[in-house]
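K.L.:
Data file entry.txt (compact mmCIF, C-alpha atoms) is appended below.
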# COMPACT_ATOMS: atom_id res chain seq x y z
CA MET Y 617 15.55 -3.89 -17.48
CA PRO Y 618 15.57 -0.80 -15.24
CA ALA Y 619 14.86 2.58 -16.75
CA THR Y 620 17.94 4.58 -17.69
CA GLY Y 621 17.95 8.27 -16.93
CA ASN Y 622 14.43 9.64 -17.14
CA SER Y 623 13.68 8.29 -20.62
CA GLY Y 624 10.32 6.61 -20.46
CA ALA Y 625 10.38 6.57 -16.65
CA THR Y 626 6.95 7.08 -15.17
CA ASN Y 627 6.63 9.31 -12.13
CA ILE Y 628 6.13 6.98 -9.16
CA VAL Y 629 4.13 8.01 -6.10
CA LEU Y 630 4.39 5.74 -3.04
CA VAL Y 631 1.49 5.66 -0.55
CA HIS Y 632 1.85 4.09 2.90
CA GLY Y 633 -0.79 2.25 4.91
CA GLY Y 634 -2.13 2.38 8.45
CA PHE Y 635 -0.04 2.41 11.66
CA VAL Y 636 3.07 3.56 9.73
CA ASP Y 637 4.34 6.55 7.76
CA GLY Y 638 6.14 7.04 4.47
CA SER Y 639 9.61 6.33 5.88
CA GLY Y 640 9.03 2.59 5.46
CA TRP Y 641 9.43 3.10 1.71
CA ALA Y 642 13.05 4.26 2.11
CA ALA Y 643 14.76 1.18 0.66
CA VAL Y 644 12.29 0.88 -2.23
CA TYR Y 645 12.70 4.61 -2.88
CA ARG Y 646 16.49 4.30 -3.07
CA ILE Y 647 16.34 1.45 -5.58
CA LEU Y 648 13.89 3.27 -7.82
CA LYS Y 649 15.89 6.51 -7.67
CA GLN Y 650 19.11 4.66 -8.50
CA HIS Y 651 17.38 3.31 -11.61
CA GLY Y 652 16.45 6.78 -12.81
CA HIS Y 653 12.81 7.07 -11.75
CA ASP Y 654 11.20 10.19 -10.35
CA VAL Y 655 9.77 9.10 -6.98
CA SER Y 656 7.61 10.87 -4.42
CA VAL Y 657 6.49 9.56 -1.04
CA VAL Y 658 3.11 10.64 0.32
CA GLN Y 659 2.75 11.32 4.05
CA ASN Y 660 -0.92 10.62 4.72
CA PRO Y 661 -2.35 11.65 8.10
CA THR Y 662 -4.55 8.48 8.07
CA ILE Y 663 -7.36 10.30 9.85
CA SER Y 664 -9.95 9.95 7.09
CA LEU Y 665 -9.96 8.41 3.63
CA ALA Y 666 -11.11 11.71 2.12
CA ASP Y 667 -8.15 13.57 3.62
CA ASP Y 668 -5.67 10.92 2.50
CA VAL Y 669 -7.06 10.94 -1.02
CA ALA Y 670 -6.75 14.74 -1.09
CA VAL Y 671 -3.11 14.57 0.09
CA THR Y 672 -2.34 11.92 -2.52
CA ARG Y 673 -4.00 13.92 -5.28
CA ARG Y 674 -1.84 16.90 -4.38
CA ALA Y 675 1.22 14.69 -4.81
CA ILE Y 676 -0.13 13.54 -8.19
CA ALA Y 677 -0.72 17.15 -9.27
CA ALA Y 678 2.90 18.01 -8.48
CA GLN Y 679 4.26 15.44 -10.96
CA ARG Y 680 5.27 16.22 -14.52
CA GLY Y 681 3.70 13.65 -16.78
CA PRO Y 682 1.94 10.35 -16.12
CA VAL Y 683 1.93 8.82 -12.65
CA LEU Y 684 2.21 5.27 -11.38
CA LEU Y 685 0.48 5.06 -7.99
CA VAL Y 686 1.75 2.47 -5.50
CA GLY Y 687 -0.11 1.61 -2.31
CA HIS Y 688 0.67 -0.68 0.62
CA SER Y 689 -2.08 -2.06 2.87
CA TYR Y 690 -4.62 0.74 3.56
CA GLY Y 691 -2.72 2.74 0.97
CA GLY Y 692 -4.39 0.47 -1.57
CA ALA Y 693 -7.75 1.97 -0.64
CA VAL Y 694 -6.26 5.44 -1.03
CA ILE Y 695 -4.88 4.76 -4.52
CA THR Y 696 -8.12 3.03 -5.54
CA GLU Y 697 -9.98 6.30 -4.91
CA ALA Y 698 -7.26 8.77 -5.89
CA GLY Y 699 -6.26 6.80 -8.99
CA THR Y 700 -9.14 8.09 -11.08
CA ASP Y 701 -7.11 11.28 -11.53
CA PRO Y 702 -6.42 11.59 -15.29
CA LYS Y 703 -2.66 11.83 -14.68
CA VAL Y 704 -2.62 8.33 -13.15
CA ALA Y 705 -1.61 5.71 -15.71
CA GLY Y 706 -1.61 2.63 -13.48
CA LEU Y 707 -1.78 1.22 -9.98
CA VAL Y 708 0.48 -1.12 -8.01
CA TYR Y 709 -0.88 -2.84 -4.90
CA ILE Y 710 1.63 -4.20 -2.37
CA ALA Y 711 -0.17 -6.54 0.07
CA ALA Y 712 -2.95 -3.99 -0.12
CA PHE Y 713 -6.68 -3.48 0.01
CA ALA Y 714 -8.32 -3.01 -3.39
CA PRO Y 715 -11.92 -2.12 -2.53
CA ASP Y 716 -14.80 -1.98 -4.97
CA LYS Y 717 -17.40 0.79 -5.16
CA GLY Y 718 -19.15 1.21 -1.81
CA GLU Y 719 -16.59 -0.89 0.05
CA SER Y 720 -14.25 0.25 2.80
CA VAL Y 721 -11.38 -1.30 4.71
CA SER Y 722 -13.85 -1.90 7.53
CA SER Y 723 -16.22 -3.83 5.30
CA LEU Y 724 -13.38 -5.86 3.79
CA ILE Y 725 -12.03 -7.00 7.16
CA LYS Y 726 -15.41 -7.64 8.78
CA ASP Y 727 -15.58 -11.32 7.77
CA PRO Y 728 -12.06 -12.80 7.67
CA PRO Y 729 -11.50 -16.22 6.10
CA PRO Y 730 -11.85 -19.16 8.53
CA GLY Y 731 -8.63 -19.74 10.43
CA ALA Y 732 -7.07 -16.43 9.37
CA PRO Y 733 -4.85 -14.72 11.97
CA VAL Y 734 -6.59 -11.90 13.83
CA PRO Y 735 -4.54 -8.68 13.77
CA PRO Y 736 -3.82 -7.50 17.34
CA ILE Y 737 -5.68 -4.22 17.00
CA LEU Y 738 -6.32 -2.57 20.36
CA PRO Y 739 -9.72 -1.03 21.23
CA PRO Y 740 -10.14 2.47 19.77
CA ARG Y 741 -8.77 5.41 21.75
CA ASP Y 742 -10.44 8.71 20.92
CA GLY Y 743 -11.41 7.33 17.51
CA PHE Y 744 -7.96 5.98 16.65
CA LEU Y 745 -6.52 2.48 16.40
CA PHE Y 746 -3.12 1.04 17.35
CA LEU Y 747 -1.61 -2.42 17.14
CA ASP Y 748 -0.54 -4.06 20.38
CA PRO Y 749 3.18 -3.13 20.45
CA ALA Y 750 4.09 -6.47 22.03
CA LYS Y 751 2.56 -8.30 19.05
CA PHE Y 752 3.54 -5.88 16.30
CA HIS Y 753 6.65 -7.78 15.23
CA VAL Y 754 5.00 -11.16 14.72
CA SER Y 755 1.79 -9.82 13.20
CA PHE Y 756 2.93 -6.92 11.01
CA ALA Y 757 6.64 -7.37 10.38
CA ALA Y 758 7.68 -10.95 11.16
CA ASP Y 759 10.53 -10.96 8.62
CA VAL Y 760 11.89 -7.55 9.64
CA ASP Y 761 14.80 -7.48 12.08
CA ALA Y 762 13.76 -7.11 15.72
CA GLU Y 763 15.31 -3.66 16.18
CA THR Y 764 13.54 -2.18 13.15
CA ALA Y 765 10.25 -3.87 14.03
CA GLY Y 766 10.55 -2.55 17.58
CA PHE Y 767 11.00 0.97 16.26
CA MET Y 768 7.98 0.56 13.96
CA ALA Y 769 5.90 -0.64 16.92
CA SER Y 770 6.99 2.29 19.09
CA SER Y 771 6.46 4.91 16.38
CA GLN Y 772 2.99 3.86 15.25
CA VAL Y 773 0.85 6.49 13.56
CA PRO Y 774 -2.70 6.58 14.97
CA TRP Y 775 -5.09 5.11 12.39
CA GLY Y 776 -8.42 6.93 12.39
CA LEU Y 777 -11.68 5.03 12.28
CA GLY Y 778 -12.76 7.49 9.60
CA ALA Y 779 -9.99 6.17 7.36
CA LEU Y 780 -11.12 2.57 7.79
CA GLU Y 781 -14.76 3.45 7.26
CA GLY Y 782 -14.31 5.69 4.20
CA THR Y 783 -16.01 4.14 1.17
CA ILE Y 784 -14.84 4.04 -2.42
CA THR Y 785 -16.90 6.02 -4.93
CA ALA Y 786 -15.23 4.97 -8.20
CA PRO Y 787 -12.52 2.29 -8.09
CA ALA Y 788 -9.64 3.27 -10.34
CA TRP Y 789 -8.76 -0.36 -11.05
CA LYS Y 790 -11.89 -0.64 -13.16
CA THR Y 791 -10.43 1.76 -15.73
CA LYS Y 792 -6.66 1.64 -15.11
CA PRO Y 793 -4.21 -1.29 -15.42
CA SER Y 794 -2.99 -2.68 -12.12
CA TRP Y 795 -0.31 -4.94 -10.67
CA TYR Y 796 -0.54 -6.73 -7.32
CA MET Y 797 2.03 -8.32 -5.00
CA VAL Y 798 0.57 -11.00 -2.75
CA SER Y 799 2.58 -11.45 0.43
CA THR Y 800 2.14 -15.15 1.14
CA GLU Y 801 2.98 -15.01 4.86
CA ASP Y 802 0.89 -11.94 5.65
CA ARG Y 803 -0.77 -12.01 9.07
CA MET Y 804 -2.65 -8.71 8.64
CA ILE Y 805 -4.44 -9.14 5.28
CA PRO Y 806 -4.91 -12.88 4.67
CA PRO Y 807 -3.29 -14.04 1.41
CA PRO Y 808 -6.62 -15.57 0.20
CA ALA Y 809 -8.21 -12.12 0.54
CA GLN Y 810 -5.32 -10.55 -1.37
CA ARG Y 811 -5.73 -13.10 -4.16
CA ALA Y 812 -9.48 -12.48 -4.33
CA MET Y 813 -9.08 -8.70 -4.53
CA SER Y 814 -6.33 -8.89 -7.15
CA LYS Y 815 -8.34 -11.30 -9.27
CA ARG Y 816 -11.41 -9.07 -9.09
CA ALA Y 817 -9.31 -6.08 -10.14
CA GLY Y 818 -7.83 -7.98 -13.07
CA SER Y 819 -4.34 -7.25 -11.79
CA THR Y 820 -1.08 -8.73 -12.99
CA VAL Y 821 -0.13 -10.76 -9.91
CA VAL Y 822 3.14 -11.89 -8.38
CA GLU Y 823 3.42 -13.83 -5.13
CA ILE Y 824 6.37 -13.35 -2.78
CA ALA Y 825 7.06 -15.00 0.56
CA GLY Y 826 7.01 -12.26 3.15
CA SER Y 827 5.18 -10.53 5.97
CA HIS Y 828 2.75 -7.65 5.73
CA ALA Y 829 5.77 -5.34 5.87
CA ILE Y 830 7.22 -6.89 2.71
CA TYR Y 831 8.02 -3.44 1.32
CA VAL Y 832 10.42 -3.03 4.26
CA SER Y 833 11.79 -6.59 4.45
CA ARG Y 834 12.09 -7.31 0.71
CA PRO Y 835 12.48 -3.99 -1.09
CA ALA Y 836 14.19 -5.49 -4.16
CA PRO Y 837 11.25 -7.60 -5.43
CA VAL Y 838 8.83 -4.81 -4.50
CA ALA Y 839 10.85 -2.31 -6.52
CA ALA Y 840 11.12 -4.85 -9.36
CA LEU Y 841 7.34 -5.13 -9.63
CA ILE Y 842 6.97 -1.34 -9.59
CA GLU Y 843 9.59 -1.05 -12.35
CA ARG Y 844 7.89 -3.76 -14.36
CA ALA Y 845 4.64 -1.81 -14.17
CA ALA Y 846 6.38 1.42 -15.14
CA GLN Y 847 8.10 -0.24 -18.09
CA GLU Y 848 4.90 -1.88 -19.32
CA LEU Y 849 3.10 1.45 -19.09
CA ALA Y 850 5.90 3.21 -20.98
CA GLY Y 851 5.73 0.58 -23.70
CA SER Y 852 1.95 0.55 -24.05
What's the structure tokens form of this structure?

P.N.:
Amino acid sequence: MPATGNSGATNIVLVHGGFVDGSGWAAVYRILKQHGHDVSVVQNPTISLADDVAVTRRAIAAQRGPVLLVGHSYGGAVITEAGTDPKVAGLVYIAAFAPDKGESVSSLIKDPPPGAPVPPILPPRDGFLFLDPAKFHVSFAADVDAETAGFMASSQVPWGLGALEGTITAPAWKTKPSWYMVSTEDRMIPPPAQRAMSKRAGSTVVEIAGSHAIYVSRPAPVAALIERAAQELAGS
């Protein structure tokens, strides 16, 4: 059942991934707010992991009470590092990277599973990455309407190589409970890789049919998993 008012509602902090900004969380944000949760959306510059962790920790510090950190894609690496903050009670990964100590997004994507789709990442420009706009829809957001996907492709946020190469020092999932949504039609992070990372983290796992942009295309089940995590934390 959704939280009513603010009783027992954990503060929820949403962290976006690479190539996009926090506006993609809008529908999830609205659902959570309607159900009485306090929700903040981080706007990471995605230039370096250290900077993004610092921005996320500032958002955590601004909350009153315990925090549930939610990360999509590269945002999973950010919450893995930032989640060691003592105010963080739990982590939710949405089709996200969940690196171990010493790992980075770069190291996790270096050896994709055989037959896995290759994300259409263009060669770096001045140390930043972009997805091929012509292939963005099919690769990143296949189940998002064409107009929205076109806007996402045209408004990409440059993803810094320093963000991909930043390594984890102390993975929060080793000491904090976690939940993980596997997007079974993901063409950016292969579902087998998502399952392996979630299993290693000991996460509570749900699998939903959807693209990498499942938080945009299917906000209701994404919000439901976040609420489930918040409720289980409140009841623990």

K.L.:
Within 12 Å of Arg844 in chain Y, counting only C-alpha atoms, which residues qualify if same-chain residues fewer than 2 places away don't, as a list in words?

P.N.:
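Those residues are Met617, Pro618, Ala619, Ala625, Thr626, Leu648, Leu684, Gly706, Leu707, Val708, Ser794, Trp795, Tyr796, Met797, Thr820, Val821, Val822, Pro837, Val838, Ala839, Ala840, Leu841, Ile842, Ala846, Gln847, Glu848, Leu849, Ala850 and Gly851 of chain Y.
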
K.L.:
In terms of the shortest atom-to-atom distance over all atoms listed in the file, which of Y:Asn627, Y:Ser689, Y:Ser722, Y:Thr700 is closest to Glu843 in chain Y?

P.N.:
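Nearest candidate to Glu843 in chain Y out of Y:Asn627, Y:Ser689, Y:Ser722, Y:Thr700: Y:Asn627.
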
K.L.:
Compare Y:Gly776, Y:Gly743, Y:Pro702, Y:Pro733 by their minimum atom-to-atom distance to Tyr690 in chain Y, counting all atoms listed in the file, and give me the closest one.

P.N.:
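Among the listed residues, the smallest separation from Tyr690 in chain Y belongs to Y:Gly776.
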
K.L.:
Tell me which of Y:Gly826, Y:Gly818, Y:Pro735, Y:Gly633 sits closest to Glu801 in chain Y, counting all atoms listed in the file.

P.N.:
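So, comparing all the options, the nearest one is Y:Gly826.
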
K.L.:
So the first atom is CA of Val832 in chain Y and the second is CA of Asp761 in chain Y; what is the distance between them in Å, to one decimal place?

P.N.:
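Separation between CA of Val832 in chain Y and CA of Asp761 in chain Y: 10.0 Å.
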
K.L.:
For Phe767 in chain Y, please output as a ChimeraX atom specification all residues within 12 Å (counting all atoms listed in the file; exclusion window: fewer than 3 positions along the same chain).

P.N.:
/Y:636,639-640,749-750,752-753,757,760-764,770-773

K.L.:
Work out how far CA of Ser723 in chain Y is from CA of Val754 in chain Y, in Å to one decimal.

P.N.:
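Separation of CA of Val754 in chain Y and CA of Ser723 in chain Y: 24.3 Å.
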
K.L.:
Measure the distance from CA of Pro740 in chain Y to CA of Ser720 in chain Y in Å and round it to one decimal.

P.N.:
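One can read the CA of Pro740 in chain Y to CA of Ser720 in chain Y distance as 17.6 Å.
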
K.L.:
Excluding Gln659 in chain Y and any residue of its chain fewer than 5 positions from it, enumerate the residues within 8 Å of it, using all atoms listed in the file, and give them as a compact mmCIF listing (two decimals) with C-alpha atoms, in the frame of the given file.

P.N.:
# COMPACT_ATOMS: atom_id res chain seq x y z
CA VAL Y 631 1.49 5.66 -0.55
CA HIS Y 632 1.85 4.09 2.90
CA ASP Y 637 4.34 6.55 7.76
CA GLY Y 638 6.14 7.04 4.47
CA VAL Y 671 -3.11 14.57 0.09

K.L.:
Would you kindly return, as a list in words, each protein, DNA or RNA residue with an atom no farther than 7 Å from any atom of range 827-830 of chain Y, considering only C-alpha atoms and excluding same-chain residues fewer than 5 positions away?

P.N.:
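The filter keeps Ala711, Phe756, Ala757, Ala758, Asp759, Ser799, Glu801, Asp802, Arg803 and Met804 of chain Y.
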
K.L.:
Restricting the calculation to only C-alpha atoms: of Y:Lys649, Y:Val704, Y:Pro808, Y:Ser656, which residue gets closest to Ala732 in chain Y?

P.N.:
Y:Pro808
